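Participant: Here it is: the structure, laid out below.
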Amino acid sequence: MISTHFAPDIHVGAKRMTKFAKYLPNYGWQPLILTKEVGEYHGVDETLLQELPPDLPIYRVQEWRLPGSQTSSAPATPRVSNQSKPMRTELRHRLLRAADFFLFYDYSWLLPAFLTARRLVRENNIQVIYSSIPNSEAHLVALLLKLTMPVKWVCEYRDPWTRAPVAFYPPTSPLQPLIEWALEGKVLAQADQLIFVGPKYCDRVLEGRPSYLAAKAAILYNGYDEDDFAGLDHIEMRHDFPFTIGHIGTFGRWVTPDPFLRALGMAICQRPELGSRICVRFIGEVKYNSAMERTIPQIIQREGLDEVVGLEPFLSHRDALTQMKQCHCLLFIRNYLPEAPNEAAMVVGAKIFEYIRAQRSILALVPPEGDAARLVRELGAGVAVAAEDMEGVVRAILEMYDAFCQGEVGASSDLIQIQQFEHKNQTKKLAEILNAVVKQ
């Protein structure tokens, strides 16, 4: 299993791979993990390691670093003068700039990861490679293995690659979009099986590609782990004020609380008593967006919500689930991006499945035609309304508050119905896919 994110990484993609590694042995598959060093992760939650088998082989590949070098995700290499060795310094930086221009992937990890993976395949008689992004380097390592060794390959798209709506780093070369499109085409063609986390994700990635690729595509949703909720169902929902709305997780480019906060301010203007009867908890962090981190407190103050909205720090996964159960309503956001108007509809997200399992009413600010809205409606888990529909969001807040006042709290979703998304069951489906691939 090749992924740049794995426990104890707090990245949401790490949880999916970690859960698969936890449960695959139950279905006859022994995983072996190839990932990055812990020091390369954005943040760490050590509790995520506690659920893994103690003998699980995890190979954390160290990046190759030259003096003054960088990964491709960083800005272009600056020129640095060195008067003692001017020619050698100039040559080194010319080479580094050329590498940034032509080798815009994280080659400092990709190359040693490929060499390590080749050795592991030989030494362990590995039958199937399973690679997962968000980082495309995982797929490129798997592609190199597929082209050079007799292995089967299951390629998972947890996030888009060439069609990613948000570019955290600008292209380092004008060649990058063209080369990435070609490389992704090679990946899609060479993989024996393709897995996507939702139907719209599948349609988006395969758009403009050969039609035969759809025949080897399968949908494997994100999910929740029942073990994570062990001992939490005794937490009973309070029926006294304040009515508590919680958002647990990360804010970012297309997960912004701005529309919700403006709607909440409008709701309190219509019903002033709500100002002392509603509590909003934002538990988590703002990721890769320093401007938003500065702006959120300003919006809270502008809307007069200082006594209503609280900002709380990131918690361990277990503690986050505990706080989730203590809320009356859980806020899920995927807002519209002008530069990528159709992207929010295809995002399901991993968090919504834990929200559903928590059996708390969900206020989903998502495109009504999207996969997340469809799940909320089909499972009776709450209300879905577009984040840009201010009147609709205000109406949803007031309706959920009124339902709480009338004692109608909690979601009506059936636990039996949502068990299809339990990680153990999702891993069983993955094992069936792996079995079929081996027999091809």
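To be explicit about the labels: the chains of the structure tokens are called A, B, and onward in the order shown, and within each one the residues are counted from 1, while ligands get numbers from 1 in the order they are shown.
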Do you have, as CSV, the list of residues of stretch 175-195 of chain A lying at most 12 Å from stretch 119-128 of chain A, each with its nearest atom pair and that distance in Å to one decimal, counting only C-alpha atoms and ordered by chain then number?

Facilitator:
```
residue,atom,partner,partner_atom,distance
A:Ala191,CA,A:Val128,CA,10.7
A:Asp192,CA,A:Val128,CA,9.7
A:Gln193,CA,A:Val128,CA,10.6
```

Participant: List the neighbours of stretch 344-354 of chain A out to 6 Å using only C-alpha atoms; skip same-chain residues closer than 6 positions along the sequence, and give me the result as a PDB file with N, CA and C atoms, in the first residue's frame.

Facilitator:
```
ATOM      1  N   LYS A 200     -19.525  10.915  -8.657  1.00  0.00           N
ATOM      2  CA  LYS A 200     -19.171  12.133  -9.374  1.00  0.00           C
ATOM      3  C   LYS A 200     -17.660  12.303  -9.482  1.00  0.00           C
ATOM      4  N   TYR A 201     -16.923  11.826  -8.489  1.00  0.00           N
ATOM      5  CA  TYR A 201     -15.467  11.813  -8.601  1.00  0.00           C
ATOM      6  C   TYR A 201     -15.047  10.965  -9.792  1.00  0.00           C
ATOM      7  N   ASN A 222     -15.794   6.640   1.381  1.00  0.00           N
ATOM      8  CA  ASN A 222     -15.202   6.796   2.698  1.00  0.00           C
ATOM      9  C   ASN A 222     -16.191   6.234   3.719  1.00  0.00           C
ATOM     10  N   GLY A 223     -15.795   6.216   4.979  1.00  0.00           N
ATOM     11  CA  GLY A 223     -16.702   5.624   5.956  1.00  0.00           C
ATOM     12  C   GLY A 223     -16.328   5.986   7.375  1.00  0.00           C
ATOM     13  N   TYR A 224     -16.822   5.207   8.302  1.00  0.00           N
ATOM     14  CA  TYR A 224     -16.530   5.394   9.731  1.00  0.00           C
ATOM     15  C   TYR A 224     -16.120   4.055  10.310  1.00  0.00           C
ATOM     16  N   ARG A 334     -19.292  22.426   2.075  1.00  0.00           N
ATOM     17  CA  ARG A 334     -18.520  22.382   0.830  1.00  0.00           C
ATOM     18  C   ARG A 334     -19.061  23.516  -0.037  1.00  0.00           C
ATOM     19  N   PRO A 367     -23.829  21.627  -2.420  1.00  0.00           N
ATOM     20  CA  PRO A 367     -24.699  21.686  -3.594  1.00  0.00           C
ATOM     21  C   PRO A 367     -25.811  20.644  -3.502  1.00  0.00           C
ATOM     22  N   GLY A 370     -25.364  17.373  -5.369  1.00  0.00           N
ATOM     23  CA  GLY A 370     -24.132  16.624  -5.158  1.00  0.00           C
ATOM     24  C   GLY A 370     -24.317  15.318  -4.408  1.00  0.00           C
ATOM     25  N   ASP A 371     -23.232  14.540  -4.345  1.00  0.00           N
ATOM     26  CA  ASP A 371     -23.266  13.235  -3.680  1.00  0.00           C
ATOM     27  C   ASP A 371     -23.490  13.366  -2.174  1.00  0.00           C
ATOM     28  N   ALA A 372     -22.894  14.387  -1.541  1.00  0.00           N
ATOM     29  CA  ALA A 372     -23.065  14.555  -0.096  1.00  0.00           C
ATOM     30  C   ALA A 372     -24.527  14.858   0.241  1.00  0.00           C
TER      31      ALA A 372
END
```

Participant: Quick one: everything within 10 Å of A:Asp227, counting only C-alpha atoms, minus sequence neighbours fewer than 6 positions away in the same chain. Send it as a count of residues only.

Facilitator: 4

Participant: Between atom CA of A:Pro8 and atom CA of A:Glu46, what is the distance, to one decimal in Å?

Facilitator: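 Atom CA of A:Glu46 lies 5.2 Å from atom CA of A:Pro8.
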
Participant: List every residue of stretch 71-306 of chain A that DSSP, applied to the backbone of this structure, places in helix (DSSP H, G or I), and write the result as JSON, numbers by chain.

Facilitator: {"A": [86, 87, 88, 89, 90, 91, 92, 93, 94, 95, 96, 97, 98, 99, 100, 101, 102, 107, 108, 109, 110, 111, 112, 113, 114, 115, 116, 117, 118, 119, 120, 121, 122, 123, 124, 137, 138, 139, 140, 141, 142, 143, 144, 145, 146, 147, 148, 176, 177, 178, 179, 180, 181, 182, 183, 184, 185, 186, 187, 188, 189, 190, 199, 200, 201, 202, 203, 204, 205, 206, 211, 212, 213, 214, 215, 216, 226, 227, 228, 229, 258, 259, 260, 261, 262, 263, 264, 265, 266, 267, 268, 269, 270, 272, 273, 274, 275, 276, 290, 291, 292, 293, 294, 295, 296, 297, 298, 299, 300, 301, 302]}

Participant: Kindly indicate which residue among A:Phe314, A:Phe404, A:Ala263, A:Ala215 lies nearest to A:Glu391, using only C-alpha atoms for the distances.

Facilitator: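 Answer, going by the shortest atom-to-atom distance: A:Ala263.
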
Participant: Determine, counting only C-alpha atoms, which protein, DNA and RNA residues have an atom within 8 Å of an atom of stretch 266-282 of chain A; residues of the same chain fewer than 4 positions away are not included. Present the result as number ranges by chain.

Facilitator: A: 241-249, 262, 305, 307-312, 394-395, 397-398

Participant: Using only C-alpha atoms, which of the listed residues (A:Asp55, A:Glu40, A:Glu369, A:Glu180) sits closest to A:Ala384?

Facilitator: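 Looking only at the distances to A:Ala384, the closest residue turns out to be A:Glu369.
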
Participant: Report the distance between atom CA of A:Val151 and atom CA of A:Val437 in Å, rounded to one decimal place.

Facilitator: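 Result for atom CA of A:Val151 versus atom CA of A:Val437: 10.2 Å, one decimal.
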
Participant: Near A:Leu48, within 12 Å and counting only C-alpha atoms, which residues show up once chain neighbours fewer than 6 positions away are dropped, as a PDB file with C-alpha atoms, in the first residue's frame?

Facilitator:
```
ATOM      1  CA  PHE A   6      -0.529   7.273   6.835  1.00  0.00           C
ATOM      2  CA  ALA A   7      -0.951   7.159  10.607  1.00  0.00           C
ATOM      3  CA  PRO A   8      -0.024   9.102  12.689  1.00  0.00           C
ATOM      4  CA  ASP A   9      -0.589  11.798  10.029  1.00  0.00           C
ATOM      5  CA  ILE A  10      -3.693  13.882  10.830  1.00  0.00           C
ATOM      6  CA  HIS A  11      -4.473  14.310   7.114  1.00  0.00           C
ATOM      7  CA  VAL A  12      -7.914  12.881   6.383  1.00  0.00           C
ATOM      8  CA  ALA A  14      -4.282   8.935   6.211  1.00  0.00           C
ATOM      9  CA  LYS A  15      -7.320   7.671   8.102  1.00  0.00           C
ATOM     10  CA  ARG A  16      -8.726   5.821   5.092  1.00  0.00           C
ATOM     11  CA  MET A  17      -5.475   3.973   4.417  1.00  0.00           C
ATOM     12  CA  THR A  18      -4.992   3.298   8.126  1.00  0.00           C
ATOM     13  CA  LYS A  19      -8.440   1.703   8.421  1.00  0.00           C
ATOM     14  CA  ALA A  21      -4.532  -1.639   6.849  1.00  0.00           C
ATOM     15  CA  LYS A  22      -6.294  -2.381  10.136  1.00  0.00           C
ATOM     16  CA  ASP A 228     -13.879   4.491  17.197  1.00  0.00           C
ATOM     17  CA  SER A 316      -7.133  13.889  18.797  1.00  0.00           C
ATOM     18  CA  HIS A 317      -9.515  11.784  16.746  1.00  0.00           C
ATOM     19  CA  ARG A 318     -11.062  10.124  19.797  1.00  0.00           C
ATOM     20  CA  ASP A 319     -11.599  13.434  21.583  1.00  0.00           C
TER      21      ASP A 319
END
```

Participant: Would you please work out which residue, of A:Leu365, A:Leu330, A:Leu115, A:Leu220, is nearest to A:Leu144 when using only C-alpha atoms?

Facilitator: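 Under the stated criterion, the closest residue is A:Leu115.
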
Participant: To one decimal place, how far is atom CA of A:Ala218 from atom CA of A:Asp203 in Å?

Facilitator: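 We find that atom CA of A:Ala218 and atom CA of A:Asp203 lie 11.3 Å from each other.
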